[in-house]
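Notes to accompany the following structure.
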Amino acid sequence: MTAKIYTVLDKTLSLYSFPGHPFNGQRYFTFKSALEKKDLIKSLGQIQAREATQRELLLFHTREYIEFVKEKDGKGGYLDFGDTPAFKGIFKASRIVTGTTLNSIDKAVQENTKVFTPVGGLHHAFKNRAGGFCVFNDICIGINYLREKHKIENILYFDIDAHHGDGVYYSFASEPNIFIVDFHQKGIFPGTGGKIETGTGKALGTKLNIEFEVGAEDKDFLEGLEKAKEFLNKIKVEFILFQAGCDSLKGDPITYLNFTERVHRETTALLSALADRQANGRMIILGGGGYLLLNIEKAWIAVIEELLK
Ligand SMILES: [Zn+2]
């Protein structure tokens, strides 16, 4: 019998919402109503959202930075150099994103299964700063949580969001047990993730960056996926975190790639099979970016349908 697949439907996830920006709470409600429209809710188990504790945030972030976010909450201005506005309630909303990712990890480990959480995958935050609408990096916290709580060491982070996951890459560049594959558009924020960046020191060769030019299409993505397969064939993993950002689909208002939801389907199939083969089926999928609501319906639903196969 295949394991039950889980998701999180909790409106507190919509609190992570930047006023006047497409990264807003509507993305959560779009996901939920797309599941309802497709009649998929009855096929899924559900887990709860929750706030991360201070101790959990400290698994990755500095005490000073956590205090800074708490202090800035609702005071106006930005948490970084002009991307991430400190809206009222941002401290709590950010802790909910992280806590929910950690709940997803716990469920995936306990039941050897896969969990999709729509709001998460905040890959631009660093240990001491915010970046690109990302306050706390739930992926980096999640990796350290897997190591500390679950004693899981060999972890794959796979990111198909249109932006490079700089906060994850640079935080683990020198760690050989953290494998990273990152697909992204060349030349947009944050401007990092060149193909020569493959890890440092004893971790050289444990990271793979695949860049796309403006207007890249599915066939380009699938070529990239072949390279990723070669990379994955050489590694052994115990847990997978998949950042399934859909800002790489055609029509996104802030990026310039022309993929369809087929890329989400193909990547989910690949990673799901890898998780089943090597990691007792354990994987979490984080929604990541994606600012055209129609693409959220297409891409994230494609991921869920593929997980349910
Ligand atoms: Zn993005």
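Quick note on naming: the chains in the structure tokens go A, B, ... in the order shown, residues restart at 1 in each chain, and ligands are numbered from 1 in order of appearance.
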
Within 8 Å of ligand 1 (only C-alpha atoms and all ligand atoms), residues as a ChimeraX atom specification: /A:161-164,245-248,288-290

Output as a tab-separated table one row per residue of range 114-137 of chain A within 6 Å of range 59-80 of chain A: the closest atom pair and its distance in Å to one decimal place, counting only C-alpha atoms, sorted by chain and residue number ascending.
residue	atom	partner	partner_atom	distance
A:Lys127	CA	A:His61	CA	4.2
A:Asn128	CA	A:Tyr65	CA	5.2
A:Ala130	CA	A:Asp80	CA	5.6

List the neighbours of range 303-309 of chain A out to 8 Å using only C-alpha atoms; skip same-chain residues closer than 5 positions along the sequence, and give me the result as a CSV table (one decimal) with N, CA, C and O atoms, in the first residue's frame.
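Result went into part-v5.csv, see below:
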chain,number,residue,atom,x,y,z
A,5,ILE,N,-0.4,10.7,1.3
A,5,ILE,CA,0.3,12.0,1.0
A,5,ILE,C,-0.4,13.1,1.8
A,5,ILE,O,-1.7,13.1,1.9
A,43,SER,N,-8.4,13.0,-1.0
A,43,SER,CA,-7.3,12.0,-1.3
A,43,SER,C,-6.1,12.3,-0.4
A,43,SER,O,-5.1,11.5,-0.5
A,114,LYS,N,5.3,11.8,2.0
A,114,LYS,CA,5.6,13.1,1.3
A,114,LYS,C,4.5,14.1,1.8
A,114,LYS,O,3.4,13.7,1.9
A,116,PHE,N,3.2,18.2,1.1
A,116,PHE,CA,3.3,19.4,0.3
A,116,PHE,C,2.8,20.6,1.2
A,116,PHE,O,1.7,20.6,1.7
A,264,HIS,N,7.0,20.7,-13.6
A,264,HIS,CA,6.7,20.3,-12.2
A,264,HIS,C,6.4,18.9,-12.1
A,264,HIS,O,6.8,18.2,-11.2
A,265,ARG,N,5.6,18.4,-13.1
A,265,ARG,CA,5.3,17.0,-13.2
A,265,ARG,C,6.5,16.1,-13.3
A,265,ARG,O,6.7,15.1,-12.5
A,268,THR,N,8.7,16.2,-10.1
A,268,THR,CA,8.1,15.5,-9.0
A,268,THR,C,8.2,14.0,-9.2
A,268,THR,O,8.6,13.2,-8.3
A,269,ALA,N,8.0,13.5,-10.5
A,269,ALA,CA,8.1,12.1,-10.7
A,269,ALA,C,9.6,11.6,-10.4
A,269,ALA,O,9.8,10.6,-9.8
A,272,SER,N,10.2,11.9,-6.5
A,272,SER,CA,9.4,10.9,-5.8
A,272,SER,C,10.0,9.5,-5.9
A,272,SER,O,10.1,8.8,-4.9

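Between CA of Ile155 in chain A and CA of Leu271 in chain A lies a distance of 12.5 Å.
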
Option closest in space to Leu35 in chain A, from A:Gly167, A:Pro22, A:Gly99, A:Pro118 [counting only C-alpha atoms]: A:Pro118

Proximity to Lys4 in chain A - best of A:Ser171, A:Ser17, A:Thr101, A:Gln110, only C-alpha atoms: A:Gln110

Helix (DSSP H, G or I) call set, DSSP backbone run, range 41-135 of chain A, as number ranges by chain: A: 41-43, 54-57, 63-72, 90-111

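With only C-alpha atoms as the atoms that count, the residue of A:Arg277, A:Lys32, A:Lys37, A:Arg50 with the shortest distance to Ser104 in chain A is A:Arg50.
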